[in-house]
Structures are given as structure tokens and as C-alpha cells.
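Note: the block below is target-v9.txt and it holds compact mmCIF, C-alpha atoms.
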# COMPACT_ATOMS: atom_id res chain seq x y z
CA MET A 1 -27.17 16.83 26.26
CA ALA A 2 -27.46 16.04 22.53
CA HIS A 3 -28.06 12.39 21.82
CA VAL A 4 -26.09 10.17 19.46
CA ASN A 5 -27.72 7.44 17.37
CA CYS A 6 -26.52 3.87 17.15
CA ARG A 7 -28.37 1.89 14.50
CA VAL A 8 -28.13 -1.87 14.93
CA PHE A 9 -28.75 -4.10 11.89
CA TYR A 10 -29.27 -7.76 12.71
CA HIS A 11 -30.23 -11.05 11.05
CA ASP A 12 -34.02 -10.86 11.13
CA LYS A 13 -36.33 -13.77 11.91
CA CYS A 14 -33.45 -15.53 13.63
CA PHE A 15 -33.00 -16.32 17.34
CA ASP A 16 -29.23 -15.79 17.19
CA GLY A 17 -29.80 -12.56 15.25
CA ALA A 18 -32.08 -11.14 17.95
CA CYS A 19 -29.76 -12.36 20.74
CA SER A 20 -26.77 -10.84 18.94
CA ALA A 21 -28.51 -7.47 18.71
CA ALA A 22 -29.43 -7.71 22.41
CA ILE A 23 -25.94 -8.56 23.61
CA PHE A 24 -24.42 -5.90 21.33
CA ARG A 25 -26.81 -3.29 22.79
CA ARG A 26 -25.78 -4.24 26.32
CA PHE A 27 -22.09 -4.27 25.40
CA HIS A 28 -22.31 -0.89 23.69
CA SER A 29 -24.22 0.74 26.54
CA GLU A 30 -21.92 -0.69 29.23
CA CYS A 31 -18.55 -0.32 27.50
CA ILE A 32 -18.91 2.49 24.95
CA GLN A 33 -21.70 4.72 26.23
CA ALA A 34 -20.46 4.54 29.81
CA ALA A 35 -16.93 5.47 28.71
CA ASP A 36 -17.75 8.52 26.58
CA GLY A 37 -20.71 9.84 28.56
CA SER A 38 -22.85 10.53 25.49
CA ASP A 39 -26.61 10.05 25.44
CA TRP A 40 -26.86 7.14 23.02
CA ARG A 41 -30.18 6.19 21.39
CA TYR A 42 -30.53 2.72 19.86
CA SER A 43 -32.66 1.67 16.92
CA TYR A 44 -32.92 -1.71 15.19
CA GLN A 45 -33.44 -2.90 11.63
CA GLY A 46 -33.76 -6.55 10.66
CA LEU A 47 -31.96 -7.81 7.57
CA VAL A 48 -32.98 -10.81 5.46
CA HIS A 49 -31.18 -12.78 2.79
CA ARG A 50 -32.85 -12.09 -0.54
CA ALA A 51 -32.05 -11.99 -4.23
CA GLY A 52 -30.18 -8.81 -5.19
CA SER A 53 -28.73 -6.08 -2.98
CA LEU A 54 -28.89 -6.67 0.78
CA PHE A 55 -28.13 -3.11 1.90
CA GLU A 56 -29.09 0.43 0.97
CA GLU A 57 -26.58 3.17 1.78
CA SER A 58 -29.41 5.41 2.94
CA TRP A 59 -30.16 2.99 5.79
CA PHE A 60 -26.90 3.83 7.58
CA ASP A 61 -26.87 6.77 9.98
CA ALA A 62 -24.60 9.46 8.55
CA ARG A 63 -23.61 11.03 11.88
CA GLY A 64 -23.94 8.29 14.51
CA GLU A 65 -22.71 4.71 14.60
CA ASN A 66 -23.88 1.71 12.61
CA ALA A 67 -23.51 -1.94 13.63
CA ILE A 68 -24.23 -5.15 11.71
CA VAL A 69 -24.46 -8.36 13.74
CA ASP A 70 -24.94 -11.95 12.55
CA PHE A 71 -25.17 -10.86 8.91
CA LYS A 72 -23.01 -10.32 5.87
CA TYR A 73 -20.39 -7.56 5.73
CA SER A 74 -21.02 -4.17 4.15
CA ALA A 75 -18.13 -2.13 2.75
CA SER A 76 -20.01 1.10 3.49
CA PRO A 77 -17.67 3.72 5.00
CA ARG A 78 -20.47 4.40 7.48
CA LEU A 79 -20.19 0.93 9.02
CA THR A 80 -18.74 1.19 12.55
CA TRP A 81 -19.21 -2.24 14.14
CA TRP A 82 -19.47 -5.67 12.53
CA PHE A 83 -19.66 -9.14 14.10
CA ASP A 84 -20.29 -12.31 12.08
CA HIS A 85 -19.54 -16.03 12.25
CA HIS A 86 -20.89 -17.32 8.91
CA LEU A 87 -18.52 -18.91 6.43
CA SER A 88 -20.26 -16.96 3.68
CA ALA A 89 -19.74 -13.57 5.33
CA PHE A 90 -18.67 -11.58 2.25
CA MET A 91 -20.80 -10.96 -0.82
CA THR A 92 -17.80 -10.11 -3.05
CA GLU A 93 -14.02 -10.42 -3.03
CA LYS A 94 -13.86 -6.62 -2.95
CA ASP A 95 -15.87 -6.59 0.29
CA GLU A 96 -13.52 -9.13 1.85
CA ALA A 97 -10.50 -7.10 0.74
CA THR A 98 -11.97 -3.97 2.37
CA PHE A 99 -12.47 -5.84 5.64
CA GLN A 100 -8.97 -7.34 5.55
CA ARG A 101 -7.43 -3.93 4.85
CA GLY A 102 -8.96 -2.57 8.05
CA GLN A 103 -7.57 -5.54 9.98
CA THR A 104 -4.10 -5.23 8.46
CA ASP A 105 -3.67 -1.49 9.03
CA GLY A 106 -5.25 -1.70 12.48
CA THR A 107 -8.02 0.82 11.90
CA GLU A 108 -10.86 -1.69 12.46
CA THR A 109 -9.33 -4.34 14.70
CA LEU A 110 -11.37 -3.16 17.70
CA ARG A 111 -14.57 -2.53 15.76
CA GLN A 112 -15.06 -5.30 13.20
CA PHE A 113 -14.82 -9.00 14.03
CA PHE A 114 -15.18 -12.15 11.94
CA ASP A 115 -14.64 -15.68 13.22
CA PRO A 116 -16.49 -18.64 11.66
CA THR A 117 -15.29 -21.00 14.40
CA TYR A 118 -17.94 -19.62 16.78
CA THR A 119 -21.18 -21.59 17.02
CA SER A 120 -23.26 -18.42 17.38
CA CYS A 121 -22.66 -14.75 16.73
CA THR A 122 -23.94 -14.13 20.26
CA SER A 123 -21.03 -16.09 21.73
CA LEU A 124 -18.58 -14.26 19.45
CA ILE A 125 -19.79 -10.86 20.66
CA ALA A 126 -19.69 -12.06 24.28
CA HIS A 127 -16.08 -13.24 23.88
CA VAL A 128 -14.96 -9.96 22.29
CA ALA A 129 -16.82 -7.86 24.87
CA SER A 130 -15.28 -9.84 27.72
CA THR A 131 -11.68 -10.23 26.52
CA LYS A 132 -11.14 -6.94 24.70
CA PHE A 133 -13.39 -4.54 26.63
CA GLY A 134 -13.59 -6.10 30.09
CA MET A 135 -17.37 -6.58 30.13
CA ASP A 136 -18.87 -8.97 32.67
CA VAL A 137 -20.97 -11.30 30.51
CA ALA A 138 -21.97 -13.66 33.33
CA PRO A 139 -25.49 -12.14 33.59
CA LEU A 140 -26.03 -13.12 29.94
CA ALA A 141 -24.97 -16.76 30.35
CA GLU A 142 -28.46 -18.15 29.61
CA LEU A 143 -28.75 -16.10 26.42
CA ILE A 144 -25.32 -17.21 25.20
CA HIS A 145 -25.99 -20.86 26.10
CA TRP A 146 -29.24 -21.05 24.14
CA ALA A 147 -27.96 -19.06 21.18
CA ASP A 148 -25.25 -21.71 20.79
CA ILE A 149 -27.78 -24.54 21.08
CA VAL A 150 -30.27 -23.01 18.64
CA ASP A 151 -27.82 -21.72 16.02
CA GLY A 152 -25.57 -24.75 16.29
CA ALA A 153 -28.49 -27.23 16.22
CA LYS A 154 -27.11 -28.76 19.40
CA TYR A 155 -30.44 -30.09 20.60
CA GLU A 156 -30.45 -33.35 22.50
CA SER A 157 -32.63 -34.98 19.83
CA ALA A 158 -34.96 -34.24 16.93
CA LYS A 159 -37.81 -34.94 19.34
CA ALA A 160 -36.60 -32.17 21.66
CA ALA A 161 -36.18 -29.77 18.75
CA VAL A 162 -39.65 -30.41 17.30
CA GLU A 163 -41.69 -30.77 20.47
CA MET A 164 -40.16 -27.56 21.91
CA ALA A 165 -40.50 -27.86 25.69
CA GLU A 166 -37.88 -25.20 26.53
CA PRO A 167 -38.68 -21.45 26.59
CA ALA A 168 -35.83 -20.71 24.17
CA MET A 169 -37.31 -23.04 21.57
CA LYS A 170 -40.75 -21.45 21.78
CA LEU A 171 -39.16 -18.01 21.53
CA THR A 172 -37.22 -19.18 18.49
CA MET A 173 -40.46 -20.12 16.78
CA VAL A 174 -42.07 -16.75 17.54
CA ILE A 175 -39.01 -14.78 16.43
CA GLU A 176 -38.60 -16.79 13.23
CA SER A 177 -42.24 -17.27 12.24
CA ALA A 178 -44.47 -14.52 13.66
CA PRO A 179 -46.08 -12.35 10.94
CA ASP A 180 -44.92 -8.77 10.57
CA GLU A 181 -46.98 -6.03 12.20
CA ASP A 182 -47.55 -2.92 10.05
CA GLY A 183 -44.61 -3.90 7.88
CA GLU A 184 -42.28 -4.28 10.87
CA SER A 185 -40.73 -7.53 12.08
CA VAL A 186 -41.95 -8.65 15.51
CA SER A 187 -38.39 -9.73 16.34
CA LYS A 188 -37.49 -6.07 16.97
CA LYS A 189 -39.69 -6.11 20.10
CA PHE A 190 -37.60 -8.90 21.64
CA ILE A 191 -34.23 -7.15 21.58
CA PRO A 192 -34.68 -4.77 24.56
CA LEU A 193 -36.29 -7.60 26.56
CA LEU A 194 -33.48 -10.07 25.87
CA THR A 195 -30.93 -7.59 27.25
CA ARG A 196 -32.46 -7.69 30.74
CA MET A 197 -34.91 -10.60 31.23
CA PRO A 198 -34.55 -14.37 31.66
CA LEU A 199 -35.98 -16.26 28.68
CA GLN A 200 -38.96 -17.58 30.66
CA GLN A 201 -39.93 -14.02 31.57
CA VAL A 202 -39.66 -12.93 27.94
CA LEU A 203 -41.90 -15.86 26.97
CA GLU A 204 -44.48 -14.75 29.53
CA GLN A 205 -44.90 -11.29 28.02
CA PRO A 206 -48.52 -10.83 26.86
CA PHE A 207 -47.65 -10.04 23.24
CA VAL A 208 -45.51 -13.20 23.05
CA GLN A 209 -48.25 -15.40 24.50
CA GLU A 210 -50.74 -13.89 22.05
CA LEU A 211 -48.51 -14.91 19.13
CA LEU A 212 -47.49 -18.29 20.54
CA GLY A 213 -50.87 -20.06 20.47
CA PRO A 214 -51.57 -19.67 16.73
CA LEU A 215 -47.94 -20.43 15.90
CA MET A 216 -48.02 -23.69 17.85
CA GLU A 217 -51.15 -24.70 15.92
CA ARG A 218 -49.42 -23.84 12.65
CA HIS A 219 -46.31 -25.73 13.73
CA PHE A 220 -48.21 -28.97 14.19
CA ALA A 221 -50.09 -28.40 10.92
CA MET A 222 -46.70 -28.00 9.21
CA LEU A 223 -45.55 -31.23 10.81
CA GLU A 224 -48.46 -33.03 9.15
CA LEU A 225 -47.85 -31.29 5.82
CA MET A 226 -44.21 -32.39 5.88
CA ARG A 227 -45.33 -35.90 6.74
CA GLU A 228 -47.36 -35.87 3.50
CA ARG A 229 -44.80 -34.13 1.26
CA ALA A 230 -41.30 -35.11 2.36
CA VAL A 231 -39.49 -38.13 0.94
CA CYS A 232 -36.14 -39.65 1.81
CA GLU A 233 -34.11 -41.28 -0.94
CA ARG A 234 -30.48 -42.40 -0.69
CA GLY A 235 -29.95 -40.43 2.50
CA VAL A 236 -31.41 -37.13 1.27
CA ILE A 237 -34.75 -35.78 2.51
CA SER A 238 -36.50 -33.41 0.11
CA PHE A 239 -39.82 -31.58 -0.05
CA ASP A 240 -41.63 -28.79 -1.89
CA ILE A 241 -44.18 -26.64 -0.02
CA THR A 242 -44.17 -23.59 -2.30
CA ASP A 243 -47.95 -23.88 -2.71
CA ARG A 244 -48.28 -23.23 1.04
CA PRO A 245 -46.41 -19.91 1.57
CA THR A 246 -44.87 -19.59 5.02
CA GLU A 247 -42.57 -17.11 6.75
CA GLY A 248 -40.78 -19.94 8.53
CA TYR A 249 -41.00 -23.50 9.85
CA ASN A 250 -39.14 -25.76 12.23
CA LYS A 251 -36.11 -26.91 10.26
CA PHE A 252 -35.76 -30.12 12.29
CA ILE A 253 -39.09 -31.63 11.25
CA PRO A 254 -37.50 -33.53 8.32
CA TYR A 255 -35.07 -35.31 10.69
CA TYR A 256 -37.89 -35.99 13.16
CA LEU A 257 -39.78 -37.77 10.36
CA PHE A 258 -36.74 -39.42 8.73
CA PRO A 259 -34.01 -39.93 11.35
CA GLU A 260 -32.09 -42.05 8.83
CA GLY A 261 -31.64 -39.04 6.49
CA THR A 262 -28.21 -37.40 6.33
CA TYR A 263 -29.22 -34.26 4.43
CA ASN A 264 -32.34 -32.20 3.88
CA VAL A 265 -33.14 -30.03 0.83
CA GLY A 266 -36.39 -28.09 1.10
CA LEU A 267 -38.17 -25.68 -1.23
CA SER A 268 -40.50 -23.09 0.30
CA LYS A 269 -41.90 -19.67 -0.47
CA SER A 270 -42.48 -16.58 1.69
CA SER A 271 -43.76 -13.08 0.93
CA PHE A 272 -40.38 -11.91 -0.41
CA ARG A 273 -38.51 -14.92 -1.78
CA THR A 274 -38.48 -18.52 -2.94
CA LYS A 275 -36.05 -20.31 -0.65
CA VAL A 276 -33.96 -23.43 -0.97
CA SER A 277 -32.92 -24.67 2.48
CA VAL A 278 -30.08 -27.18 2.72
CA GLY A 279 -29.07 -28.87 5.95
CA THR A 280 -27.23 -31.75 7.56
CA ASN A 281 -28.86 -33.97 10.15
CA PRO A 282 -27.32 -32.86 13.48
CA TRP A 283 -27.69 -36.42 14.78
CA THR A 284 -26.09 -38.20 11.83
CA LYS A 285 -23.64 -40.96 12.71
CA LYS A 286 -21.33 -39.95 9.86
CA GLY A 287 -18.01 -38.34 10.71
CA ALA A 288 -17.22 -34.75 9.82
CA GLY A 289 -14.83 -35.84 7.08
CA GLU A 290 -17.63 -37.69 5.29
CA LEU A 291 -20.00 -34.71 5.17
CA ALA A 292 -20.47 -32.14 2.43
CA ASN A 293 -19.70 -28.44 2.96
CA ILE A 294 -23.21 -26.98 2.66
CA ALA A 295 -22.02 -23.36 2.57
CA ALA A 296 -19.82 -24.11 -0.45
CA ILE A 297 -22.71 -25.82 -2.27
CA CYS A 298 -25.08 -22.91 -1.60
CA GLU A 299 -22.50 -20.32 -2.64
CA ARG A 300 -22.48 -21.77 -6.16
CA PHE A 301 -26.11 -20.68 -6.49
CA GLY A 302 -25.63 -17.26 -4.89
CA GLY A 303 -26.47 -18.36 -1.33
CA GLY A 304 -24.35 -19.31 1.66
CA GLY A 305 -24.37 -20.28 5.31
CA HIS A 306 -22.39 -22.64 7.51
CA ALA A 307 -20.56 -25.89 6.82
CA ARG A 308 -23.59 -27.90 7.93
CA VAL A 309 -26.53 -25.67 6.98
CA GLY A 310 -27.23 -23.01 4.37
CA ALA A 311 -29.80 -21.48 2.08
CA ILE A 312 -30.30 -19.87 -1.32
CA SER A 313 -32.76 -17.05 -2.01
CA PHE A 314 -34.48 -16.70 -5.36
CA PRO A 315 -37.01 -14.04 -6.39
CA VAL A 316 -40.59 -14.97 -5.55
CA ASP A 317 -41.44 -15.63 -9.20
CA LYS A 318 -38.39 -17.85 -9.90
CA GLU A 319 -39.76 -21.15 -8.61
CA GLU A 320 -38.53 -23.16 -11.59
CA GLU A 321 -34.98 -21.87 -11.18
CA ALA A 322 -35.16 -22.82 -7.51
CA ARG A 323 -36.50 -26.28 -8.38
CA ALA A 324 -33.64 -26.80 -10.81
CA ALA A 325 -31.20 -25.93 -8.02
CA VAL A 326 -32.95 -28.38 -5.69
CA ARG A 327 -32.66 -31.19 -8.25
CA GLU A 328 -28.97 -30.51 -8.76
CA ILE A 329 -28.19 -30.31 -5.03
CA VAL A 330 -30.21 -33.43 -4.19
CA GLY A 331 -28.38 -35.35 -6.93
CA GLU A 332 -25.01 -34.15 -5.68
CA LEU A 333 -25.74 -35.06 -2.05
CA GLN A 334 -27.14 -38.45 -3.02
CA GLY A 335 -23.96 -39.14 -4.94

Would you encode the structure as C-alpha cells?
Amino acid sequence: MAHVNCRVFYHDKCFDGACSAAIFRRFHSECIQAADGSDWRYSYQGLVHRAGSLFEESWFDARGENAIVDFKYSASPRLTWWFDHHLSAFMTEKDEATFQRGQTDGTETLRQFFDPTYTSCTSLIAHVASTKFGMDVAPLAELIHWADIVDGAKYESAKAAVEMAEPAMKLTMVIESAPDEDGESVSKKFIPLLTRMPLQQVLEQPFVQELLGPLMERHFAMLELMRERAVCERGVISFDITDRPTEGYNKFIPYYLFPEGTYNVGLSKSSFRTKVSVGTNPWTKKGAGELANIAAICERFGGGGHARVGAISFPVDKEEEARAAVREIVGELQG
């Protein structure tokens, strides 16, 4: 029997991204592969927000199926499946019009799904798989539960988020922060495991344990660096760690250090971008009506995200442009 390829693109270095790819793989194999009897082969490619084009047409399989989960929409005619829950899901108005056309004429209503009311993309895929395709998602309840907690920042406290006692939180750190291996993201290794193993069992895998020790050391070093660098003025926490390049850090450290802060604006640098991270303290006492729309703020600078958290990517060598954006955003949030 000839095999058919399904290429799954997912938000790289993101717990919800990896979980979304895992639950999509299980959905596709149980509901699509089982129905048509084809020999499907799955491959994965992580996607990252960066300055410039996010997709290359050559990445999409010309004869099989292509899925994007937990990431921006592509108007490529080769796109088969799309699931996303970010407010900033479309790069251009033309892209959004293409998506809406497929919804209006009915050609994509059972293949492409967008709903920003979902806390995680994992829970969106689970809902669609269950209600529209009859999939039993009960075996994936733990995955869905923790994807909502991690992506929705629904931790009990900043202490719980930073001290990371739960397996899901340690896995989040490894998925988000582990260095690439031979140019490939380590997160790709997690996807087949997350489809079939409890999170504690995934954490116990030898390659995960090997990565975890050094990352925990780096995590606590980053905590001390933030303690030195971060300041909180008029309800806004800010910091600049561009001189200490990192592929990721625990985004709750600022609120752990400054629980009185309402917002956080951080400037960091990785191997491929200079990043401005903007967030809202999940434990703030302010009501929703008092809080700024972070996605809307980030969109003005070419970024995006959710109502309470977002980011902007600048080229690696554009630190001053990123700093100017930080100053403007901090001033706006303080006001």
C-alpha cells in the first residue's frame, strides 16, 4: 500500500504547540486515517514568530496533507487543516479574507477552525474532534487540562509557576528552552510521546531527564539575573537581558519578584531574533475592563498574541528599534 504524507506544522518551543500537534496527530489517525484506510505517515515542523515571512511554499507537501496548529494562518492552496486560537491569527487582511471565503462557501468548514475564545489550541482541537468527528478525547484529558493551565497562565500562584513542582511545568521548560540538536528543535521528539503517555512518563524519558538538570540550573540563574535587572515602576515591570542571549525563560519570574506589578515588558535576544515580550500579571486584582489589550498593542509593532499576553519579533541586529518599542509600550501601560 502506498503511503500518504501528512505534514504537521506547529508553534515551536511552546507547550501548547507540542500538545496541539500531538492531539491533532491522534485525531487524524483515529478519525481520518481509520476512515479512508490509507497508510498515513506523519512528519513535524516547528514554526517560530520572527521578522519577515513565516512560511515558505516549498515546506508544504504538494501531494499529501498539510496542517498548521497553534500558529498563524497561511493562505497557501496546499493548506488542508488549520486550528488556531490567537487573536492575531492573520498576518494580512487578504489572508483573513481567504479564510473567511472558505467558511462562507463551506469548502473549509470541516478542515479549518479559528476560535480565540479557547484558552489553548489543544482544547480547541479536542472540542472539534469530539463534536464534529465523534472522537473520544477522554484519554487525553490530562494533556488538555495542562495545556489550558500553561497557555492560559492559570497557575495557582506565581510561586507555583516559578518553582515548577508539576511534571507539566518541567516539560514546559524543556520544550520551550532546550537547545536545538543538529539544527532541529527538541520539541519534535515530544509529539509522538504526548499522544500516548501520561506527562509523568514523558518526563521520565532518559533524553528529557538529561536536558532537565542543566535547564533547572539555568532557570534559577535566570531568576537571579531578573532579580538584578528587573524594575517595577507605576505598575509596569521591565527588564533588558539582551546581553545574555537565551532561547527562553520562565515568563512568570517578573510577577514572582514583583507581585504588585500589573504588566511586564521584557527585552531579550535569542539566536534568531530580538524579542519584546509583553504580559499581564495573571494574579492582578484589576478587573478585565481595566486591563489593556496586549495583542492590539503588539500588533502595532508587527507582533501579536492574546488579550493578556503577546510578543514582537525584531531582527537580531535591531536592538535599538526593539528598545524604542519597549519604551513606548512601558509608557503607554504606565499611563

How close does each residue of segment 24-86 of chain A get to segment 297-310 of chain A, giving the shortest atom pair and distance in Å to one decimal for every residue with an atom at most 12 Å away, counting all atoms listed in the file, sorted by chain and residue number, as CSV?
residue,atom,partner,partner_atom,distance
A:His49,CA,A:Gly303,CA,8.4
A:Arg50,CA,A:Gly303,CA,9.0
A:Ala51,CA,A:Gly302,CA,8.3
A:Gly52,CA,A:Gly302,CA,9.6
A:Ser53,CA,A:Gly302,CA,11.8
A:Asp70,CA,A:Gly305,CA,11.1
A:Phe71,CA,A:Gly305,CA,10.1
A:Lys72,CA,A:Gly304,CA,10.0
A:Asp84,CA,A:Gly305,CA,11.2
A:His85,CA,A:His306,CA,8.6
A:His86,CA,A:His306,CA,5.7

Please dump the current selection as a PDB file, in the coordinates of the input; keep C-alpha atoms.
ATOM      1  CA  HIS A  49     -31.180 -12.780   2.790  1.00  0.00           C
ATOM      2  CA  ARG A  50     -32.850 -12.090  -0.540  1.00  0.00           C
ATOM      3  CA  ALA A  51     -32.050 -11.990  -4.230  1.00  0.00           C
ATOM      4  CA  GLY A  52     -30.180  -8.810  -5.190  1.00  0.00           C
ATOM      5  CA  SER A  53     -28.730  -6.080  -2.980  1.00  0.00           C
ATOM      6  CA  ASP A  70     -24.940 -11.950  12.550  1.00  0.00           C
ATOM      7  CA  PHE A  71     -25.170 -10.860   8.910  1.00  0.00           C
ATOM      8  CA  LYS A  72     -23.010 -10.320   5.870  1.00  0.00           C
ATOM      9  CA  ASP A  84     -20.290 -12.310  12.080  1.00  0.00           C
ATOM     10  CA  HIS A  85     -19.540 -16.030  12.250  1.00  0.00           C
ATOM     11  CA  HIS A  86     -20.890 -17.320   8.910  1.00  0.00           C
TER      12      HIS A  86
END

Next on the checklist: Considering only C-alpha atoms, can you say which of A:Ile175, A:Leu194, A:Ile144, A:Val162 comes closest to Ile125 of chain A?
Outcome noted: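 Of A:Ile175, A:Leu194, A:Ile144, A:Val162, the one nearest Ile125 of chain A, counting only C-alpha atoms, is A:Ile144.
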
Checklist outcome for this item: Counting only C-alpha atoms, the residue among A:Ser20, A:Gln200, A:Ser187, A:Thr80 that lies closest to Ala165 of chain A is A:Gln200

Item to check | For atom CA of Ser270 of chain A and atom CA of Ser313 of chain A, the interatomic separation in Å (one decimal) | outcome: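 Distance between the two atoms: 10.4 Å.
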
Taking (-10.8, -2.0, 12.8) in the file's own coordinates, collect the residues within 12 Å, counting only C-alpha atoms, and hand them back as a PDB file with C-alpha atoms, in the coordinates of the input.
ATOM      1  CA  PRO A  77     -17.670   3.720   5.000  1.00  0.00           C
ATOM      2  CA  LEU A  79     -20.190   0.930   9.020  1.00  0.00           C
ATOM      3  CA  THR A  80     -18.740   1.190  12.550  1.00  0.00           C
ATOM      4  CA  TRP A  81     -19.210  -2.240  14.140  1.00  0.00           C
ATOM      5  CA  TRP A  82     -19.470  -5.670  12.530  1.00  0.00           C
ATOM      6  CA  PHE A  83     -19.660  -9.140  14.100  1.00  0.00           C
ATOM      7  CA  THR A  98     -11.970  -3.970   2.370  1.00  0.00           C
ATOM      8  CA  PHE A  99     -12.470  -5.840   5.640  1.00  0.00           C
ATOM      9  CA  GLN A 100      -8.970  -7.340   5.550  1.00  0.00           C
ATOM     10  CA  ARG A 101      -7.430  -3.930   4.850  1.00  0.00           C
ATOM     11  CA  GLY A 102      -8.960  -2.570   8.050  1.00  0.00           C
ATOM     12  CA  GLN A 103      -7.570  -5.540   9.980  1.00  0.00           C
ATOM     13  CA  THR A 104      -4.100  -5.230   8.460  1.00  0.00           C
ATOM     14  CA  ASP A 105      -3.670  -1.490   9.030  1.00  0.00           C
ATOM     15  CA  GLY A 106      -5.250  -1.700  12.480  1.00  0.00           C
ATOM     16  CA  THR A 107      -8.020   0.820  11.900  1.00  0.00           C
ATOM     17  CA  GLU A 108     -10.860  -1.690  12.460  1.00  0.00           C
ATOM     18  CA  THR A 109      -9.330  -4.340  14.700  1.00  0.00           C
ATOM     19  CA  LEU A 110     -11.370  -3.160  17.700  1.00  0.00           C
ATOM     20  CA  ARG A 111     -14.570  -2.530  15.760  1.00  0.00           C
ATOM     21  CA  GLN A 112     -15.060  -5.300  13.200  1.00  0.00           C
ATOM     22  CA  PHE A 113     -14.820  -9.000  14.030  1.00  0.00           C
ATOM     23  CA  PHE A 114     -15.180 -12.150  11.940  1.00  0.00           C
TER      24      PHE A 114
END

Item to check | Counting all atoms listed in the file, the residue of A:Cys14, A:Glu260, A:Ala324, A:Thr131 that sits nearest Met169 of chain A | outcome: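 Closest residue, counting all atoms listed in the file: A:Cys14.
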
Checklist entry - What separation in Å, quoted to one decimal, exists between atom CA of Val316 of chain A and atom CA of Met173 of chain A? => result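 These atoms are spaced 22.9 Å apart.
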
Item to check | Interatomic distance (Å, one decimal) between atom CA of Cys19 of chain A and atom CA of Thr195 of chain A | outcome: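 Those two atoms sit 8.2 Å apart.
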
Counting all atoms listed in the file, which residues of segment 44-150 of chain A fall within 9 Å of segment 27-30 of chain A, and what is the closest atom pair for each with its distance in Å at one decimal, ordered by chain and rising number, as a Markdown table?
| residue | atom | partner | partner_atom | distance |
| --- | --- | --- | --- | --- |
| A:Ile125 | CA | A:Phe27 | CA | 8.4 |
| A:Ala126 | CA | A:Phe27 | CA | 8.2 |
| A:Ala129 | CA | A:Phe27 | CA | 6.4 |
| A:Phe133 | CA | A:Phe27 | CA | 8.8 |
| A:Met135 | CA | A:Phe27 | CA | 7.1 |
| A:Val137 | CA | A:Phe27 | CA | 8.8 |

Checklist entry - A:Glu181, A:Asp16, A:Glu332, A:Asp317: which is nearest Gly235 of chain A, counting only C-alpha atoms? => result A:Glu332

Checklist outcome for this item: Between A:Ser185, A:Ser43, A:Gln201, A:Ser177, smallest distance to Arg218 of chain A by only C-alpha atoms belongs to A:Ser177

Next on the checklist: So, with all atoms listed in the file as the atoms that count, which of A:Thr280, A:Asn293, A:Thr172, A:Gln334 lies closest to Leu199 of chain A?
Outcome noted: A:Thr172
